[in-house]
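Student: Here it is, the structure in full.
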Amino acid sequence: MSSLPDLSVEFAGLHLKNPILAASGTFGYGLEFAALFDLNKLGGFVTKGLSRRPMRGNPPPRLAETPAGMLNSVGLQNIGVDAFIRDKLPQLRRFDTAVIVNVFGEATEDYVEVVRQLEAAEGVSAYELNLSCPNTKCGGMIFGSDPALIREVTSAVKNICRRPLWVKLTPNVEDIAPPAQAAAAAGADAISLINTFIGRQMPSLDGLPSIPSGRGGLSGPAIHSLALKLIEQAVQAVSIPVIGIGGVITGAGAAEFLRAGAAAVEVGTANFYDPIATVRIVKELESYCRLAGFSAIGELRKRLV
């Protein structure tokens, strides 16, 4: 029997046993899934976004099914950085997998303060800055839509952190290259993309509940091809690693992102309907490489031509 392919990857100062991670907002704080499968089988996972103070999020319903995907309007509900460090991180330290902490805020100083507190704690592998949030000091402008704001928050956080820093970008821009280049120029060690597309749901005519605002983030298989295009463009625009996100539900889908040049892949919406999707995708990617004759994942990771 032939040996299994080596799925391990190294990028941005991290060594992962495989390139599959669970995406932020779809995997809780990781502990919620520990009873379902061995978290050590993953390359890592990204926590729910953390803010300076706890947030209750939006009123329900927060999710709506769409053709080949879903809309979400969770509203960044989270327990806050203090409670995460006190209650969650000690339990996470017992797992041999990368814990990436997603961070968000309403102003640059919010991002800096959350990371400053996390810097004093053990058990965090890297940070992922969610720049799809409105900057309240700039009249609600989304951080990720303005390269100047991206440079500002990325540089400010980079100046106070010792761990790898990822910047998560929104697809809701005309051209992904300027945001990606702004993050790289400001010192980001990697970028992750894409976050959700802005979607719309019409109010129900039959009295059934619908997302209160009628708007939410569109994710799932419906956005996979769009994500692939933007990932490839980002890989070509910057020299730092790119982590691909968007509609991955199979090992073959993850392989597409890796072939486009992604250093790793985050799996999101699939976790909602298949709680063991991430470990299933690891196995499928392993089979994909073996059947294709690859002895290591690096043979797969190349840009499309």
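Residues are named by chain letter and number: chains run A, B, ... in the order of the structure tokens, numbers start at 1 in each chain, and ligands are numbered from 1 in the order shown.
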List the spatial neighbours of Gly30 (chain A) as an mmCIF file with C-alpha atoms, in the first residue's frame - criterion: any atom at most 12 Å away, only C-alpha atoms, same-chain residues fewer than 3 positions off excluded.
Tutor:
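Okay, this is what ended up in out.cif:
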data_model
loop_
_atom_site.group_PDB
_atom_site.id
_atom_site.type_symbol
_atom_site.label_atom_id
_atom_site.label_comp_id
_atom_site.auth_asym_id
_atom_site.auth_seq_id
_atom_site.Cartn_x
_atom_site.Cartn_y
_atom_site.Cartn_z
ATOM 1 C CA LEU A 21 -9.161 25.302 8.775
ATOM 2 C CA ALA A 22 -12.658 26.055 10.026
ATOM 3 C CA ALA A 23 -13.734 29.604 9.219
ATOM 4 C CA SER A 24 -14.679 32.272 11.726
ATOM 5 C CA GLY A 25 -18.344 32.559 12.608
ATOM 6 C CA THR A 26 -19.094 28.971 11.630
ATOM 7 C CA PHE A 27 -17.211 27.032 14.298
ATOM 8 C CA PHE A 33 -17.174 20.815 18.008
ATOM 9 C CA ALA A 34 -14.736 18.951 20.258
ATOM 10 C CA ALA A 35 -17.415 16.429 21.266
ATOM 11 C CA LEU A 36 -18.111 15.599 17.609
ATOM 12 C CA PHE A 37 -14.600 14.843 16.349
ATOM 13 C CA ASP A 38 -10.927 15.179 17.220
ATOM 14 C CA LEU A 39 -9.971 18.810 16.645
ATOM 15 C CA ASN A 40 -6.348 17.699 16.342
ATOM 16 C CA LEU A 42 -7.546 19.892 11.530
ATOM 17 C CA GLY A 44 -6.528 24.750 12.668
ATOM 18 C CA PHE A 45 -9.638 26.805 13.171
ATOM 19 C CA VAL A 46 -10.577 30.467 13.383
ATOM 20 C CA THR A 47 -12.661 31.548 16.359
ATOM 21 C CA LYS A 48 -15.773 33.663 16.327
ATOM 22 C CA PHE A 84 -12.475 34.341 25.910
ATOM 23 C CA LYS A 88 -12.179 29.453 26.502
ATOM 24 C CA LEU A 89 -8.449 29.737 25.923
ATOM 25 C CA GLN A 91 -9.457 24.659 27.383
ATOM 26 C CA LEU A 92 -8.202 25.281 23.847
ATOM 27 C CA ARG A 93 -4.588 24.930 24.914
ATOM 28 C CA ARG A 94 -5.019 21.167 25.290
ATOM 29 C CA PHE A 95 -5.443 20.706 21.541
ATOM 30 C CA THR A 97 -3.974 22.454 16.397
ATOM 31 C CA ALA A 98 -3.609 26.086 15.413
ATOM 32 C CA VAL A 99 -6.023 28.487 17.114
ATOM 33 C CA ILE A 100 -6.476 31.621 15.019
ATOM 34 C CA VAL A 101 -8.369 34.388 16.791
ATOM 35 C CA ASN A 271 -20.160 23.426 9.094
ATOM 36 C CA PRO A 275 -20.650 19.469 11.631
ATOM 37 C CA THR A 278 -13.825 19.959 7.993
#
Student: For region 255-269 of chain A, work out the shell of residues within 7 Å, counting only C-alpha atoms and skipping chain neighbours fewer than 3 positions away, then give it as a PyMOL selection string.
Tutor: chain A and resi 11+19-23+26+219-220+228+232+235+241-245+247-248+251-252+272+278+285+300-304
Student: From a DSSP pass on the backbone, collect the residues of region 1-105 of chain A flagged as alpha helix (DSSP H) and hand them back as a PyMOL selection string.
Tutor: chain A and resi 81-83+89-92
Student: To test your reading of the structure, identify every residue in region 108-270 of chain A that backbone DSSP assigns to strand (DSSP E or B), and report it as number ranges by chain.
Tutor: A: 126-130, 134-135, 141-142, 165-168, 190-193, 197-200, 215-219, 242-245, 264-267
Student: Write out as a PyMOL selection string which residues come within 9 Å of Ala156 (chain A) when counting only C-alpha atoms, dropping same-chain ones fewer than 4 positions away.
Tutor: chain A and resi 108-109+111-112+151-152+160+186
Student: Considering only C-alpha atoms, return as a tab-separated table (two decimals) with N, CA and C atoms, in the first residue's frame whatever protein or nucleic-acid residues lie within 9 Å of region 190-198 of chain A, sequence-local ones (same chain, fewer than 2 positions apart) excluded.
Tutor:
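part15.tsv, freshly written:
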chain	number	residue	atom	x	y	z
A	11	PHE	N	3.50	28.46	6.28
A	11	PHE	CA	3.37	29.80	5.73
A	11	PHE	C	3.22	30.79	6.87
A	12	ALA	N	3.66	31.99	6.66
A	12	ALA	CA	3.49	33.10	7.62
A	12	ALA	C	3.89	32.71	9.04
A	71	LEU	N	-27.99	33.26	3.73
A	71	LEU	CA	-27.73	34.61	4.21
A	71	LEU	C	-27.60	34.55	5.73
A	128	GLU	N	-6.58	37.01	12.99
A	128	GLU	CA	-7.22	37.33	11.72
A	128	GLU	C	-8.08	38.56	11.93
A	130	ASN	N	-10.86	41.02	11.04
A	130	ASN	CA	-12.06	41.12	10.22
A	130	ASN	C	-12.26	42.58	9.85
A	132	SER	N	-14.40	43.73	7.62
A	132	SER	CA	-15.70	43.94	6.98
A	132	SER	C	-16.66	44.67	7.90
A	164	PRO	N	1.79	35.95	14.10
A	164	PRO	CA	1.41	36.20	12.70
A	164	PRO	C	0.07	36.93	12.61
A	165	LEU	N	-0.01	37.84	11.67
A	165	LEU	CA	-1.20	38.68	11.50
A	165	LEU	C	-1.79	38.47	10.12
A	166	TRP	N	-3.04	37.97	10.10
A	166	TRP	CA	-3.78	37.82	8.85
A	166	TRP	C	-4.80	38.95	8.75
A	167	VAL	N	-5.07	39.38	7.54
A	167	VAL	CA	-6.10	40.38	7.29
A	167	VAL	C	-7.17	39.77	6.39
A	168	LYS	N	-8.40	39.73	6.90
A	168	LYS	CA	-9.51	39.14	6.15
A	168	LYS	C	-10.22	40.22	5.35
A	169	LEU	N	-10.31	40.02	4.04
A	169	LEU	CA	-10.82	41.05	3.14
A	169	LEU	C	-12.24	40.76	2.66
A	170	THR	N	-12.95	41.81	2.40
A	170	THR	CA	-14.31	41.71	1.86
A	170	THR	C	-14.26	41.61	0.34
A	171	PRO	N	-15.20	40.88	-0.27
A	171	PRO	CA	-15.28	40.85	-1.72
A	171	PRO	C	-16.10	42.01	-2.29
A	172	ASN	N	-16.69	42.81	-1.41
A	172	ASN	CA	-17.60	43.87	-1.85
A	172	ASN	C	-16.84	45.14	-2.23
A	180	ALA	N	-5.75	44.19	-1.00
A	180	ALA	CA	-4.73	43.18	-0.70
A	180	ALA	C	-3.35	43.80	-0.61
A	183	ALA	N	-2.92	45.84	2.65
A	183	ALA	CA	-2.65	44.99	3.81
A	183	ALA	C	-1.20	44.51	3.81
A	184	ALA	N	-0.72	44.09	2.64
A	184	ALA	CA	0.65	43.61	2.55
A	184	ALA	C	1.65	44.72	2.86
A	187	GLY	N	2.22	45.45	6.53
A	187	GLY	CA	2.88	44.46	7.37
A	187	GLY	C	2.12	43.19	7.63
A	188	ALA	N	0.98	42.98	6.99
A	188	ALA	CA	0.24	41.73	7.18
A	188	ALA	C	1.12	40.55	6.77
A	200	ARG	N	-29.56	40.05	-0.27
A	200	ARG	CA	-30.86	40.65	0.07
A	200	ARG	C	-31.92	39.57	0.16
A	215	ARG	N	-31.20	42.12	4.91
A	215	ARG	CA	-29.87	42.02	4.30
A	215	ARG	C	-28.97	41.16	5.16
A	216	GLY	N	-28.04	40.49	4.49
A	216	GLY	CA	-27.12	39.64	5.22
A	216	GLY	C	-25.95	39.25	4.34
A	217	GLY	N	-25.06	38.46	4.91
A	217	GLY	CA	-23.90	38.01	4.16
A	217	GLY	C	-24.19	36.71	3.45
A	218	LEU	N	-24.01	36.69	2.13
A	218	LEU	CA	-24.25	35.50	1.32
A	218	LEU	C	-23.01	34.62	1.31
A	219	SER	N	-23.19	33.34	1.64
A	219	SER	CA	-22.08	32.39	1.64
A	219	SER	C	-22.57	31.06	1.11
A	220	GLY	N	-21.67	30.08	1.03
A	220	GLY	CA	-22.04	28.76	0.56
A	220	GLY	C	-21.56	28.48	-0.85
A	223	ILE	N	-21.12	30.96	-3.96
A	223	ILE	CA	-20.07	31.96	-4.16
A	223	ILE	C	-18.72	31.34	-4.48
A	227	ALA	N	-15.33	33.36	-5.44
A	227	ALA	CA	-14.20	33.36	-4.51
A	227	ALA	C	-12.92	32.90	-5.20
A	230	LEU	N	-11.38	35.72	-7.16
A	230	LEU	CA	-10.77	36.75	-6.32
A	230	LEU	C	-9.51	36.24	-5.63
A	231	ILE	N	-9.49	34.97	-5.25
A	231	ILE	CA	-8.29	34.39	-4.65
A	231	ILE	C	-7.14	34.40	-5.65
A	234	ALA	N	-5.85	37.89	-6.00
A	234	ALA	CA	-5.08	38.32	-4.84
A	234	ALA	C	-3.70	37.67	-4.84
A	240	ILE	N	2.65	37.96	-0.24
A	240	ILE	CA	2.39	37.27	1.02
A	240	ILE	C	1.37	36.15	0.79
A	241	PRO	N	1.29	35.17	1.70
A	241	PRO	CA	0.36	34.05	1.52
A	241	PRO	C	-1.10	34.51	1.51
A	242	VAL	N	-1.91	33.76	0.79
A	242	VAL	CA	-3.35	33.99	0.70
A	242	VAL	C	-4.08	32.75	1.22
A	243	ILE	N	-5.00	32.94	2.16
A	243	ILE	CA	-5.84	31.84	2.64
A	243	ILE	C	-7.19	31.97	1.96
A	244	GLY	N	-7.62	30.93	1.27
A	244	GLY	CA	-8.84	30.99	0.49
A	244	GLY	C	-10.07	30.58	1.28
A	245	ILE	N	-11.16	31.33	1.09
A	245	ILE	CA	-12.43	31.07	1.76
A	245	ILE	C	-13.55	31.29	0.75
A	246	GLY	N	-14.59	30.45	0.80
A	246	GLY	CA	-15.75	30.73	-0.02
A	246	GLY	C	-16.37	29.52	-0.67
A	265	VAL	N	-6.94	26.74	3.26
A	265	VAL	CA	-8.35	26.91	2.91
A	265	VAL	C	-9.18	26.89	4.18
A	266	GLU	N	-10.08	27.87	4.30
A	266	GLU	CA	-11.03	27.88	5.41
A	266	GLU	C	-12.39	27.38	4.92
Student: Near Gly293 (chain A), within 12 Å and counting only C-alpha atoms, which residues show up once chain neighbours fewer than 4 positions away are dropped, as a list in words?
Tutor: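 Those residues are Ser2, Ser3, Leu4, Pro5, Asp6, Glu286, Ser287, Tyr288, Cys289, Ile297, Glu299 and Leu300 of chain A.
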Student: Let's have the selection written as a tab-separated table (two decimals), in the first residue's frame, with C-alpha atoms.
Tutor:
chain	number	residue	atom	x	y	z
A	2	SER	CA	1.39	3.40	-0.98
A	3	SER	CA	2.14	5.92	1.73
A	4	LEU	CA	-0.31	8.74	2.35
A	5	PRO	CA	0.49	12.14	0.86
A	6	ASP	CA	2.04	14.76	3.13
A	286	GLU	CA	-5.86	13.40	1.00
A	287	SER	CA	-7.61	11.04	-1.43
A	288	TYR	CA	-7.56	13.71	-4.14
A	289	CYS	CA	-3.78	14.06	-3.85
A	297	ILE	CA	0.38	19.06	-0.95
A	299	GLU	CA	2.80	19.62	-5.67
A	300	LEU	CA	-0.83	20.71	-5.86
